[in-house]
file query23.cif (mmCIF, C-alpha atoms and all ligand atoms)
data_input
#
loop_
_atom_site.label_atom_id
_atom_site.label_comp_id
_atom_site.auth_asym_id
_atom_site.auth_seq_id
_atom_site.Cartn_x
_atom_site.Cartn_y
_atom_site.Cartn_z
CA MET Z 1 263.76 3.74 36.36
CA VAL Z 2 260.04 4.08 36.90
CA GLU Z 3 258.64 7.11 35.14
CA GLN Z 4 257.93 9.95 37.49
CA GLY Z 5 254.31 10.97 37.40
CA LYS Z 6 251.66 12.82 39.28
CA ASN Z 7 249.71 9.61 39.82
CA LYS Z 8 251.34 8.15 42.87
CA LYS Z 9 250.40 4.61 43.87
CA ARG Z 10 248.54 4.68 47.17
CA ILE Z 11 249.46 1.98 49.68
CA SER Z 12 248.11 0.30 52.80
CA ILE Z 13 250.70 -1.59 54.83
CA LEU Z 14 249.29 -4.33 57.04
CA GLY Z 15 251.90 -5.04 59.70
CA SER Z 16 253.92 -1.86 59.19
CA THR Z 17 255.88 -2.16 62.46
CA GLY Z 18 257.27 -5.60 61.63
CA SER Z 19 260.41 -6.56 59.77
CA ILE Z 20 258.73 -6.55 56.31
CA GLY Z 21 256.66 -3.46 57.13
CA VAL Z 22 259.74 -1.47 58.10
CA SER Z 23 261.63 -2.61 54.98
CA THR Z 24 258.64 -1.59 52.86
CA LEU Z 25 258.71 1.91 54.34
CA ASP Z 26 262.49 2.01 53.75
CA VAL Z 27 261.88 1.43 50.03
CA ILE Z 28 258.95 3.86 49.85
CA ARG Z 29 261.10 6.51 51.56
CA LEU Z 30 263.45 6.34 48.55
CA HIS Z 31 260.58 7.08 46.13
CA PRO Z 32 258.32 9.77 47.57
CA ASP Z 33 257.35 10.79 44.05
CA LEU Z 34 255.93 7.34 43.29
CA TYR Z 35 254.18 6.11 46.42
CA GLU Z 36 251.91 7.55 49.06
CA VAL Z 37 251.15 5.77 52.33
CA ILE Z 38 247.40 5.83 52.98
CA ALA Z 39 247.20 3.43 55.92
CA LEU Z 40 249.43 1.60 58.39
CA SER Z 41 248.61 -1.14 60.89
CA ALA Z 42 250.17 -2.82 63.88
CA HIS Z 43 249.16 -5.01 66.78
CA THR Z 44 250.50 -3.24 69.90
CA ASN Z 45 253.71 -1.34 69.07
CA VAL Z 46 252.59 2.26 69.72
CA GLU Z 47 256.09 3.74 69.84
CA LYS Z 48 257.05 2.56 66.36
CA MET Z 49 253.63 3.39 64.93
CA GLN Z 50 253.82 6.92 66.33
CA LEU Z 51 257.14 7.51 64.55
CA GLN Z 52 255.80 6.04 61.30
CA CYS Z 53 252.69 8.28 61.46
CA LEU Z 54 254.80 11.37 62.06
CA GLU Z 55 256.98 10.57 59.06
CA PHE Z 56 254.42 9.27 56.54
CA MET Z 57 251.24 11.07 57.69
CA PRO Z 58 248.82 8.29 56.68
CA ALA Z 59 245.08 8.93 56.56
CA TYR Z 60 244.55 5.90 58.83
CA ALA Z 61 246.52 4.05 61.48
CA VAL Z 62 245.08 0.82 62.83
CA MET Z 63 246.12 -0.62 66.19
CA VAL Z 64 244.42 -4.00 66.53
CA ASP Z 65 244.76 -3.78 70.29
CA ALA Z 66 242.18 -1.28 71.61
CA ASP Z 67 244.37 0.04 74.47
CA ALA Z 68 247.20 0.60 72.04
CA ALA Z 69 244.83 2.53 69.77
CA THR Z 70 243.85 4.82 72.65
CA ARG Z 71 247.51 5.41 73.52
CA LEU Z 72 248.41 6.14 69.90
CA GLU Z 73 245.61 8.67 69.62
CA MET Z 74 246.93 10.45 72.71
CA CYS Z 75 250.50 10.40 71.38
CA LEU Z 76 249.45 11.96 68.05
CA LYS Z 77 247.38 14.75 69.63
CA ASN Z 78 248.79 18.22 69.00
CA THR Z 79 251.33 16.89 66.52
CA PRO Z 80 251.29 17.27 62.70
CA ALA Z 81 250.06 13.63 62.55
CA GLU Z 82 246.86 14.59 64.35
CA ILE Z 83 245.23 14.32 60.91
CA THR Z 84 245.72 10.53 61.03
CA ARG Z 85 242.54 8.74 62.04
CA VAL Z 86 243.31 6.02 64.58
CA LEU Z 87 241.16 2.91 64.33
CA ALA Z 88 241.06 -0.19 66.55
CA GLY Z 89 240.21 -3.86 66.08
CA THR Z 90 240.49 -6.51 63.41
CA GLU Z 91 237.62 -5.16 61.26
CA ALA Z 92 239.65 -1.99 60.80
CA LEU Z 93 242.33 -4.12 59.08
CA GLU Z 94 239.82 -5.23 56.47
CA PHE Z 95 238.70 -1.60 56.11
CA ILE Z 96 242.18 -0.33 55.23
CA ALA Z 97 242.83 -3.39 53.03
CA SER Z 98 239.79 -2.64 50.88
CA PHE Z 99 239.65 1.17 51.18
CA PRO Z 100 238.68 2.60 47.75
CA ASP Z 101 241.53 5.15 47.72
CA VAL Z 102 244.16 2.40 47.97
CA ASP Z 103 245.90 0.80 44.96
CA TYR Z 104 248.41 -1.56 46.60
CA VAL Z 105 248.20 -3.56 49.83
CA MET Z 106 251.32 -4.95 51.50
CA ALA Z 107 250.09 -8.02 53.44
CA ALA Z 108 252.81 -8.32 56.10
CA ILE Z 109 250.98 -9.37 59.24
CA VAL Z 110 252.48 -12.52 60.72
CA GLY Z 111 250.41 -15.69 60.97
CA ALA Z 112 246.70 -16.50 60.77
CA ALA Z 113 245.91 -13.00 62.09
CA GLY Z 114 246.56 -11.73 58.55
CA LEU Z 115 244.11 -14.03 56.75
CA LEU Z 116 240.95 -11.93 56.58
CA SER Z 117 242.64 -8.65 55.70
CA THR Z 118 244.72 -10.30 52.96
CA LEU Z 119 241.58 -11.84 51.50
CA ALA Z 120 239.77 -8.51 51.78
CA ALA Z 121 242.51 -6.83 49.72
CA ALA Z 122 242.21 -9.46 46.97
CA LYS Z 123 238.40 -9.21 46.94
CA ALA Z 124 238.70 -5.42 46.62
CA ARG Z 125 240.97 -5.94 43.55
CA LYS Z 126 244.05 -4.31 45.00
CA ARG Z 127 247.54 -5.24 43.87
CA VAL Z 128 248.43 -7.63 46.71
CA LEU Z 129 252.07 -7.75 47.79
CA LEU Z 130 251.98 -11.05 49.64
CA ALA Z 131 254.39 -11.58 52.53
CA ASN Z 132 251.88 -13.29 54.83
CA LYS Z 133 252.45 -16.86 53.62
CA GLU Z 134 250.33 -18.31 56.44
CA ALA Z 135 247.20 -16.79 54.84
CA LEU Z 136 247.84 -18.72 51.63
CA VAL Z 137 248.68 -21.93 53.50
CA MET Z 138 245.33 -21.70 55.28
CA SER Z 139 243.13 -20.60 52.40
CA GLY Z 140 245.01 -21.77 49.25
CA LYS Z 141 242.15 -22.60 46.90
CA ILE Z 142 239.74 -19.93 48.14
CA PHE Z 143 242.42 -17.24 47.95
CA MET Z 144 243.63 -18.20 44.47
CA ASP Z 145 240.02 -18.40 43.22
CA VAL Z 146 239.49 -14.80 44.39
CA VAL Z 147 242.74 -13.79 42.67
CA HIS Z 148 241.74 -15.39 39.36
CA GLU Z 149 238.08 -14.34 39.43
CA ASN Z 150 239.04 -10.71 40.07
CA ASN Z 151 242.09 -10.89 37.81
CA ILE Z 152 244.20 -9.11 40.42
CA GLU Z 153 247.94 -8.59 40.45
CA LEU Z 154 249.40 -10.89 43.10
CA LEU Z 155 253.11 -10.24 43.66
CA PRO Z 156 255.02 -12.60 45.96
CA ILE Z 157 257.23 -10.90 48.55
CA ASP Z 158 258.74 -14.06 50.02
CA SER Z 159 262.23 -13.90 48.50
CA GLU Z 160 262.07 -17.42 47.04
CA HIS Z 161 258.65 -16.94 45.46
CA ASN Z 162 259.61 -13.54 44.20
CA ALA Z 163 262.69 -15.17 42.63
CA ILE Z 164 260.58 -17.92 41.04
CA PHE Z 165 258.17 -15.30 39.73
CA GLN Z 166 261.12 -13.54 38.10
CA CYS Z 167 262.54 -16.80 36.64
CA LEU Z 168 259.27 -18.14 35.18
CA PRO Z 169 258.37 -17.24 31.59
CA GLN Z 170 256.77 -13.81 31.52
CA VAL Z 171 254.52 -14.85 28.62
CA GLY Z 172 253.10 -18.16 27.40
CA GLY Z 173 252.19 -19.73 30.73
CA LYS Z 174 254.62 -22.32 32.11
CA HIS Z 175 255.69 -23.71 28.76
CA GLY Z 176 258.85 -25.80 29.06
CA VAL Z 177 259.04 -25.51 32.84
CA GLU Z 178 260.19 -28.84 34.31
CA ARG Z 179 260.83 -28.06 37.94
CA ILE Z 180 260.89 -25.33 40.49
CA LEU Z 181 263.96 -25.41 42.74
CA LEU Z 182 263.04 -23.78 46.04
CA THR Z 183 266.19 -22.84 47.92
CA GLY Z 184 266.55 -22.50 51.69
CA SER Z 185 269.53 -21.76 53.88
CA GLY Z 186 268.96 -24.64 56.32
CA GLY Z 187 268.93 -22.11 59.18
CA PRO Z 188 271.19 -22.06 62.24
CA PHE Z 189 271.04 -25.84 62.91
CA ARG Z 190 271.95 -27.22 59.50
CA THR Z 191 275.13 -28.86 60.75
CA ARG Z 192 274.50 -29.14 64.50
CA ALA Z 193 274.54 -32.69 65.92
CA ILE Z 194 270.95 -33.97 65.68
CA ASP Z 195 271.04 -35.47 69.18
CA THR Z 196 271.69 -32.00 70.67
CA LEU Z 197 268.69 -30.29 69.02
CA ASP Z 198 266.49 -30.96 72.07
CA ARG Z 199 268.73 -28.56 74.03
CA VAL Z 200 268.82 -25.53 71.73
CA THR Z 201 267.60 -22.26 73.22
CA PRO Z 202 265.20 -19.72 71.68
CA ALA Z 203 268.12 -17.24 71.36
CA GLU Z 204 270.16 -19.79 69.36
CA ALA Z 205 267.16 -20.63 67.17
CA ILE Z 206 266.37 -16.97 66.41
CA ALA Z 207 269.94 -16.21 65.33
CA HIS Z 208 269.57 -16.82 61.59
CA PRO Z 209 272.93 -16.91 59.77
CA ASN Z 210 271.85 -14.74 56.78
CA TRP Z 211 268.48 -13.03 57.28
CA ASP Z 212 267.27 -10.53 59.85
CA MET Z 213 263.56 -11.30 60.32
CA GLY Z 214 260.68 -11.36 62.81
CA GLN Z 215 260.75 -13.89 65.68
CA LYS Z 216 258.20 -16.35 64.34
CA ILE Z 217 259.69 -16.76 60.85
CA SER Z 218 263.17 -17.03 62.42
CA ILE Z 219 262.06 -20.05 64.51
CA ASP Z 220 260.28 -21.43 61.43
CA SER Z 221 263.59 -21.17 59.58
CA ALA Z 222 265.38 -23.10 62.33
CA THR Z 223 262.85 -25.97 62.12
CA MET Z 224 262.59 -25.50 58.32
CA MET Z 225 258.82 -25.22 58.79
CA ASN Z 226 259.35 -21.96 56.94
CA LYS Z 227 260.40 -23.99 53.88
CA GLY Z 228 257.47 -26.32 54.51
CA LEU Z 229 255.04 -23.39 54.46
CA GLU Z 230 256.84 -22.08 51.38
CA ILE Z 231 256.38 -25.41 49.56
CA ILE Z 232 252.61 -25.07 50.06
CA GLU Z 233 252.79 -21.37 49.15
CA ALA Z 234 254.64 -22.19 45.90
CA CYS Z 235 252.18 -24.94 44.92
CA TRP Z 236 249.29 -22.47 45.19
CA LEU Z 237 251.00 -19.42 43.72
CA PHE Z 238 252.41 -21.19 40.68
CA ASP Z 239 249.74 -23.91 40.29
CA ILE Z 240 252.17 -26.82 40.54
CA SER Z 241 252.14 -30.19 42.31
CA LEU Z 242 254.56 -31.34 45.00
CA ASP Z 243 256.51 -33.50 42.56
CA GLN Z 244 257.25 -30.45 40.36
CA LEU Z 245 259.11 -28.84 43.23
CA GLN Z 246 262.48 -29.66 44.79
CA VAL Z 247 263.81 -28.06 47.99
CA VAL Z 248 267.52 -27.29 47.68
CA VAL Z 249 269.47 -26.35 50.80
CA HIS Z 250 271.81 -23.50 49.89
CA PRO Z 251 273.48 -22.09 53.00
CA GLN Z 252 274.75 -18.84 51.44
CA SER Z 253 271.25 -17.51 50.53
CA THR Z 254 272.74 -15.94 47.39
CA ILE Z 255 270.50 -17.77 44.95
CA HIS Z 256 266.91 -17.13 46.05
CA SER Z 257 265.39 -19.94 43.94
CA MET Z 258 265.54 -21.34 40.40
CA VAL Z 259 263.41 -22.66 37.58
CA SER Z 260 264.59 -25.64 35.54
CA TYR Z 261 263.45 -25.93 31.89
CA SER Z 262 263.00 -28.91 29.54
CA ASP Z 263 265.93 -27.83 27.32
CA GLY Z 264 268.37 -28.13 30.24
CA SER Z 265 268.42 -24.41 31.10
CA VAL Z 266 268.20 -23.41 34.75
CA ILE Z 267 267.34 -19.79 35.47
CA ALA Z 268 268.21 -18.45 38.91
CA GLN Z 269 267.66 -15.14 40.66
CA LEU Z 270 270.59 -13.93 42.78
CA GLY Z 271 271.10 -11.06 45.14
CA ASN Z 272 272.14 -10.08 48.63
CA PRO Z 273 269.79 -11.47 51.28
CA ASP Z 274 267.77 -8.31 51.85
CA MET Z 275 263.97 -8.17 51.62
CA ARG Z 276 264.06 -4.68 50.12
CA THR Z 277 264.85 -6.33 46.75
CA PRO Z 278 261.61 -8.37 46.44
CA ILE Z 279 259.67 -5.47 47.98
CA ALA Z 280 260.98 -2.97 45.42
CA HIS Z 281 260.42 -5.51 42.63
CA SER Z 282 256.78 -6.01 43.64
CA LEU Z 283 256.10 -2.31 44.09
CA ALA Z 284 257.60 -1.33 40.73
CA TRP Z 285 256.60 -4.40 38.67
CA PRO Z 286 256.66 -4.66 35.69
CA LYS Z 287 259.25 -1.89 35.89
CA ARG Z 288 262.33 -1.76 38.10
CA MET Z 289 263.52 0.79 40.62
CA THR Z 290 266.23 1.19 43.25
CA SER Z 291 265.76 -0.58 46.58
CA GLY Z 292 268.72 0.61 48.62
CA VAL Z 293 270.28 -2.87 48.43
CA ASP Z 294 273.96 -3.12 47.51
CA PRO Z 295 274.76 -4.95 44.28
CA LEU Z 296 276.02 -8.49 44.69
CA ASP Z 297 279.82 -8.61 44.95
CA PHE Z 298 280.73 -11.80 43.04
CA PHE Z 299 284.39 -11.57 44.04
CA ALA Z 300 283.40 -11.75 47.72
CA ILE Z 301 281.51 -15.03 47.23
CA GLU Z 302 283.83 -17.90 48.11
CA SER Z 303 281.54 -20.75 47.09
CA LEU Z 304 277.95 -21.68 46.48
CA VAL Z 305 276.94 -24.90 48.23
CA PHE Z 306 273.88 -27.06 47.49
CA GLU Z 307 272.58 -29.97 49.59
CA GLU Z 308 269.57 -32.23 49.74
CA PRO Z 309 267.37 -31.49 52.77
CA ASN Z 310 267.64 -33.99 55.63
CA LEU Z 311 264.11 -34.94 56.70
CA GLU Z 312 265.35 -36.61 59.89
CA ARG Z 313 266.89 -33.32 61.00
CA PHE Z 314 263.91 -31.29 59.74
CA PRO Z 315 260.70 -33.31 60.32
CA CYS Z 316 258.61 -30.15 59.83
CA LEU Z 317 259.47 -30.25 56.14
CA ARG Z 318 257.95 -33.74 55.88
CA LEU Z 319 254.87 -32.68 57.88
CA ALA Z 320 254.22 -29.75 55.54
CA GLN Z 321 254.43 -32.00 52.48
CA GLU Z 322 252.05 -34.52 54.09
CA ALA Z 323 249.65 -31.74 55.04
CA HIS Z 324 249.55 -30.35 51.51
CA GLN Z 325 248.84 -33.82 50.16
CA ALA Z 326 246.08 -34.38 52.74
CA GLY Z 327 244.23 -31.12 51.94
CA GLY Z 328 243.12 -27.80 53.40
CA ASN Z 329 242.05 -29.01 56.86
CA ALA Z 330 245.49 -30.50 57.39
CA THR Z 331 247.36 -27.38 56.25
CA ILE Z 332 245.20 -25.23 58.55
CA ALA Z 333 246.04 -27.61 61.43
CA LEU Z 334 249.73 -27.55 60.48
CA ASN Z 335 249.78 -23.75 60.56
CA ALA Z 336 247.71 -23.33 63.74
CA ALA Z 337 249.70 -25.93 65.68
CA ASN Z 338 252.97 -24.46 64.44
CA GLU Z 339 251.99 -20.98 65.69
CA ILE Z 340 251.12 -22.41 69.13
CA ALA Z 341 254.29 -24.54 69.21
CA VAL Z 342 256.56 -21.63 68.25
CA ASP Z 343 255.04 -19.42 70.98
CA ALA Z 344 255.45 -22.24 73.52
CA PHE Z 345 259.07 -22.80 72.51
CA LEU Z 346 259.82 -19.06 72.73
CA ALA Z 347 258.23 -19.04 76.22
CA LYS Z 348 260.48 -22.03 77.11
CA LYS Z 349 257.46 -24.24 77.78
CA ILE Z 350 258.51 -26.94 75.28
CA ARG Z 351 261.75 -28.08 73.67
CA PHE Z 352 262.74 -27.29 70.10
CA THR Z 353 262.27 -30.96 69.15
CA ASP Z 354 258.72 -30.93 70.56
CA ILE Z 355 257.55 -28.50 67.87
CA PRO Z 356 256.98 -31.23 65.22
CA LEU Z 357 255.43 -33.56 67.82
CA LEU Z 358 252.77 -31.01 68.69
CA ILE Z 359 252.08 -30.33 65.01
CA GLU Z 360 251.78 -34.04 64.23
CA CYS Z 361 249.24 -34.41 67.03
CA ALA Z 362 247.09 -31.55 65.65
CA MET Z 363 247.34 -32.95 62.12
CA SER Z 364 246.21 -36.40 63.23
CA ASP Z 365 243.06 -34.82 64.66
CA VAL Z 366 241.57 -33.45 61.41
CA SER Z 367 239.27 -34.98 58.84
CA SER Z 368 240.39 -35.07 55.22
CA GLY Z 369 239.10 -32.43 52.85
CA THR Z 370 239.37 -28.72 52.21
CA PRO Z 371 237.04 -25.98 53.45
CA SER Z 372 235.09 -24.29 50.68
CA ILE Z 373 234.17 -21.21 52.70
CA VAL Z 374 236.22 -18.92 54.91
CA GLU Z 375 234.03 -19.55 57.96
CA ASP Z 376 235.03 -23.23 57.85
CA ILE Z 377 238.70 -22.26 57.68
CA LEU Z 378 238.26 -20.27 60.88
CA ILE Z 379 236.40 -23.17 62.56
CA GLN Z 380 239.21 -25.61 61.69
CA ASP Z 381 241.82 -23.08 62.83
CA ARG Z 382 240.12 -22.72 66.23
CA ALA Z 383 239.69 -26.49 66.62
CA SER Z 384 243.37 -27.14 65.86
CA ARG Z 385 244.42 -24.44 68.34
CA GLU Z 386 242.29 -26.14 71.02
CA THR Z 387 243.87 -29.53 70.25
CA SER Z 388 247.32 -27.93 70.48
CA GLU Z 389 246.52 -26.20 73.79
CA LEU Z 390 245.31 -29.53 75.19
CA TRP Z 391 248.56 -31.19 74.09
CA LEU Z 392 250.47 -28.43 75.89
CA LYS Z 393 248.37 -28.86 79.03
CA ASN Z 394 249.26 -32.57 79.21
CA TYR Z 395 252.92 -31.95 78.38
CA ARG Z 396 255.70 -32.53 80.90
CA TYR Z 397 259.03 -30.83 80.15
P1 LIG Z 401 257.15 -9.39 62.44
O1 LIG Z 401 256.84 -10.21 63.64
O2 LIG Z 401 258.42 -8.66 62.38
O3 LIG Z 401 255.96 -8.34 62.19
C1 LIG Z 401 254.62 -8.71 62.22
C2 LIG Z 401 253.68 -7.55 62.02
O4 LIG Z 401 252.36 -8.04 62.20
C3 LIG Z 401 253.86 -6.41 63.06
O5 LIG Z 401 253.60 -5.18 62.45
C4 LIG Z 401 252.80 -6.73 64.10
O6 LIG Z 401 252.33 -5.57 64.78
C5 LIG Z 401 251.71 -7.33 63.24
N1 LIG Z 401 250.90 -8.29 64.01
C6 LIG Z 401 251.35 -9.28 64.83
N2 LIG Z 401 250.31 -9.94 65.37
C7 LIG Z 401 249.19 -9.36 64.91
C8 LIG Z 401 247.81 -9.58 65.14
N3 LIG Z 401 247.37 -10.54 65.96
N4 LIG Z 401 246.93 -8.77 64.49
C9 LIG Z 401 247.36 -7.80 63.67
N5 LIG Z 401 248.65 -7.54 63.42
C10 LIG Z 401 249.57 -8.31 64.04
O7 LIG Z 401 257.00 -10.38 61.18
P2 LIG Z 401 257.78 -10.32 59.79
O8 LIG Z 401 259.07 -11.04 59.92
O9 LIG Z 401 257.75 -8.95 59.24
O10 LIG Z 401 256.86 -11.27 58.90
C11 LIG Z 401 255.61 -10.86 58.41
C12 LIG Z 401 255.12 -11.88 57.38
O11 LIG Z 401 256.02 -11.87 56.28
C13 LIG Z 401 255.11 -13.32 57.90
O12 LIG Z 401 254.03 -13.99 57.36
C14 LIG Z 401 256.41 -13.90 57.37
O13 LIG Z 401 256.34 -15.29 57.17
C15 LIG Z 401 256.54 -13.17 56.05
N6 LIG Z 401 257.92 -13.05 55.57
C16 LIG Z 401 258.82 -12.36 56.30
C17 LIG Z 401 260.14 -12.27 55.87
C18 LIG Z 401 261.17 -11.47 56.65
O14 LIG Z 401 262.29 -11.31 56.17
N7 LIG Z 401 260.86 -10.93 57.80
C19 LIG Z 401 260.52 -12.89 54.68
C20 LIG Z 401 259.57 -13.58 53.95
C21 LIG Z 401 258.26 -13.65 54.41
MG MG Z 402 261.29 -17.08 52.24
#

call {"tool": "encode", "arguments": {"input": "query23.cif", "output": "structure tokens"}}
result
Amino acid sequence: MVEQGKNKKRISILGSTGSIGVSTLDVIRLHPDLYEVIALSAHTNVEKMQLQCLEFMPAYAVMVDADAATRLEMCLKNTPAEITRVLAGTEALEFIASFPDVDYVMAAIVGAAGLLSTLAAAKARKRVLLANKEALVMSGKIFMDVVHENNIELLPIDSEHNAIFQCLPQVGGKHGVERILLTGSGGPFRTRAIDTLDRVTPAEAIAHPNWDMGQKISIDSATMMNKGLEIIEACWLFDISLDQLQVVVHPQSTIHSMVSYSDGSVIAQLGNPDMRTPIAHSLAWPKRMTSGVDPLDFFAIESLVFEEPNLERFPCLRLAQEAHQAGGNATIALNAANEIAVDAFLAKKIRFTDIPLLIECAMSDVSSGTPSIVEDILIQDRASRETSELWLKNYRY
């Protein structure tokens, strides 16, 4: 149990209306004596934001979309949440990420849209609870340099990275660590005939067997691009090379990742597949607290299965590895093209199997190297989005 105290930790939640944002508020709701919500943000979802403001009474609520901000302000008028200041636009995200009265920032915006606010939180020396893996994929070296220079607490929310964090030595660096074993469920198409993958629908791809998540990460799990992004995320977070990491397909999602040591020991973190566990861990760290997640019932587990990933079935996994080897421009292209491809697939403009083709095209269009300033990351991101849009324009279904 975390000690109860008068000094509550004050939190900004970037992306509070999403799957991670809602789970974060679920955990905070269990511990009103420990945490205070200072700011919330969303893109357009006024209805959910209104309810969150009424319950948590934050000092600030950001709606990135200006019309949505106006609507939220009207909805909160003459209610107890009238005290909440409604802000609009992307700069407001950076404001609440670096606000002096905030201790912890949950970075849970999806995609490249979360990059600048996540960086702003690290620069402002907040404890960063990192769910937004795309930010790290885009800005790896720059982001980790900010983390180290400012000596900030960076806690991984992604369940695998949170598991690895828990399994690594807590003192003495990475002494004796041989390999990181990054597990992944294999998603809904792990056993489906490969020659039928060009016909899968967005609804089938979103239906993840174990996890209930936002749309984009659900499609990423079906292509295993999610694991590809996570490989890059792990290399940056834990300062390891690609050959120190092995992806292990584990369909039950009971083990959330493992660390293998030179003496033959393998340490794994297990639990029910529920993001409230890594969220509670990162909020309470280095202590522990309840998350609302049921304990694992070992007698209900029939078997634990492990497989090698099939790169023919999941070409996105190969593309992510190639991108990480090629450098920052390539990982920015990989991420940008993937975001465009996922949107196009969800809108039924391209087939599921076209997603890696579009990404490969964007990756072949970049020069080698890694941006050393954020402005150059944004330039590469825009260029890769233009290449991807052009590919889509010339595409025939
Ligand atoms: P989601 O789609 O459910 O929620 C996304 C949030 O970001 C929403 O609050 C939305 O309003 C906000 N948002 C969307 N576009 C925006 C924009 N352009 N500008 C500002 N805000 C915007 O996504 P999610 O599943 O909660 O995932 C969030 C992040 O966490 C992703 O990076 C994902 O990879 C990562 N993650 C999620 C899970 C999960 O279980 N959902 C697990 C591990 C990691
Ligand atoms: Mg994950």

call {"tool": "closest_residue", "arguments": {"input": "query23.cif", "among": "Z:Arg351, Z:His161, Z:His148, Z:His256", "to": "Gly184 in chain Z", "atoms": "all atoms listed in the file"}}
result
Z:His256

call {"tool": "residues_near_point", "arguments": {"input": "query23.cif", "point": "(262.1, -9.1, 49.4)", "cutoff": "9 Å", "atoms": "only C-alpha atoms", "output": "list of chain:residue names"}}
result
Z:Ile20, Z:Ser23, Z:Thr24, Z:Ala131, Z:Pro156, Z:Ile157, Z:Asp158, Z:Ser159, Z:Glu160, Z:Asn162, Z:Pro273, Z:Asp274, Z:Met275, Z:Arg276, Z:Thr277, Z:Pro278, Z:Ile279, Z:Ala280, Z:His281, Z:Ser282

call {"tool": "residues_near_ligand", "arguments": {"input": "query23.cif", "ligand": "ligand LIG 401 (chain Z)", "cutoff": "9 Å", "atoms": "all atoms listed in the file", "output": "NGL selection string"}}
result
:Z and (13-23 or 40-45 or 49 or 62-65 or 89-90 or 93 or 107-114 or 130-135 or 157-160 or 211-218 or 220 or 226 or 229-230 or 273-275)

call {"tool": "closest_residue", "arguments": {"input": "query23.cif", "among": "Z:Pro188, Z:Gly327, Z:Ala333, Z:Val366", "to": "Thr201 in chain Z", "atoms": "only C-alpha atoms"}}
result
Z:Pro188

call {"tool": "closest_atom_pairs", "arguments": {"input": "query23.cif", "of": "range 261-345 of chain Z", "to": "range 191-200 of chain Z", "cutoff": "12 Å", "atoms": "all atoms listed in the file", "output": "Markdown table"}}
result
| residue | atom | partner | partner_atom | distance |
| --- | --- | --- | --- | --- |
| Z:Glu307 | CA | Z:Thr191 | CA | 11.5 |
| Z:Pro309 | CA | Z:Thr191 | CA | 11.4 |
| Z:Asn310 | CA | Z:Thr191 | CA | 10.4 |
| Z:Leu311 | CA | Z:Ile194 | CA | 11.3 |
| Z:Glu312 | CA | Z:Ile194 | CA | 8.5 |
| Z:Arg313 | CA | Z:Ile194 | CA | 6.2 |
| Z:Phe314 | CA | Z:Ile194 | CA | 9.6 |
| Z:Pro315 | CA | Z:Ile194 | CA | 11.6 |
| Z:Phe345 | CA | Z:Val200 | CA | 10.2 |

call {"tool": "closest_residue", "arguments": {"input": "query23.cif", "among": "Z:Ala163, Z:Leu346, Z:Ile355, Z:Ala122", "to": "ligand MG 402 (chain Z)", "atoms": "all atoms listed in the file"}}
result
Z:Ala163

call {"tool": "closest_residue", "arguments": {"input": "query23.cif", "among": "Z:Ala121, Z:Leu168, Z:Ile255, Z:Ile379", "to": "Thr183 in chain Z", "atoms": "all atoms listed in the file"}}
result
Z:Ile255

call {"tool": "axis_aligned_box", "arguments": {"input": "query23.cif", "around": "range 235-248 of chain Z", "padding_each_side": "6 Å", "output": "lines of an AutoDock Vina configuration file"}}
result
center_x = 258.4
center_y = -26.5
center_z = 44.1
size_x = 30.2
size_y = 26.1
size_z = 19.7

call {"tool": "residues_around", "arguments": {"input": "query23.cif", "residues": "Ser364 in chain Z", "least_positions_apart": "4", "cutoff": "12 Å", "atoms": "all atoms listed in the file", "output": "ChimeraX atom specification"}}
result
/Z:319,322-323,326,329-331,333-334,337,357-360,368,384,387-388

call {"tool": "residues_near_point", "arguments": {"input": "query23.cif", "point": "(254.6, -29.5, 44.7)", "cutoff": "10 Å", "atoms": "only C-alpha atoms", "output": "list of chain:residue names"}}
result
Z:Arg179, Z:Ile180, Z:Ile231, Z:Ile232, Z:Glu233, Z:Ala234, Z:Cys235, Z:Trp236, Z:Phe238, Z:Asp239, Z:Ile240, Z:Ser241, Z:Leu242, Z:Asp243, Z:Gln244, Z:Leu245, Z:Gln246, Z:Val247, Z:Gln321, Z:His324, Z:Gln325

call {"tool": "closest_residue", "arguments": {"input": "query23.cif", "among": "Z:Thr223, Z:Gln170, Z:Ser253, Z:Ser98", "to": "ligand MG 402 (chain Z)", "atoms": "all atoms listed in the file"}}
result
Z:Ser253

call {"tool": "atom_distance", "arguments": {"input": "query23.cif", "atom1": "CA of Asn210 in chain Z", "atom2": "CA of Phe165 in chain Z"}}
result
21.9 Å

call {"tool": "closest_residue", "arguments": {"input": "query23.cif", "among": "Z:Ile11, Z:Leu182, Z:Met289, Z:Ile38", "to": "Glu308 in chain Z", "atoms": "only C-alpha atoms"}}
result
Z:Leu182

call {"tool": "atom_distance", "arguments": {"input": "query23.cif", "atom1": "CA of Leu136 in chain Z", "atom2": "CA of Ile332 in chain Z"}}
result
9.9 Å

call {"tool": "atom_distance", "arguments": {"input": "query23.cif", "atom1": "CA of Arg127 in chain Z", "atom2": "CA of Glu82 in chain Z"}}
result
28.5 Å
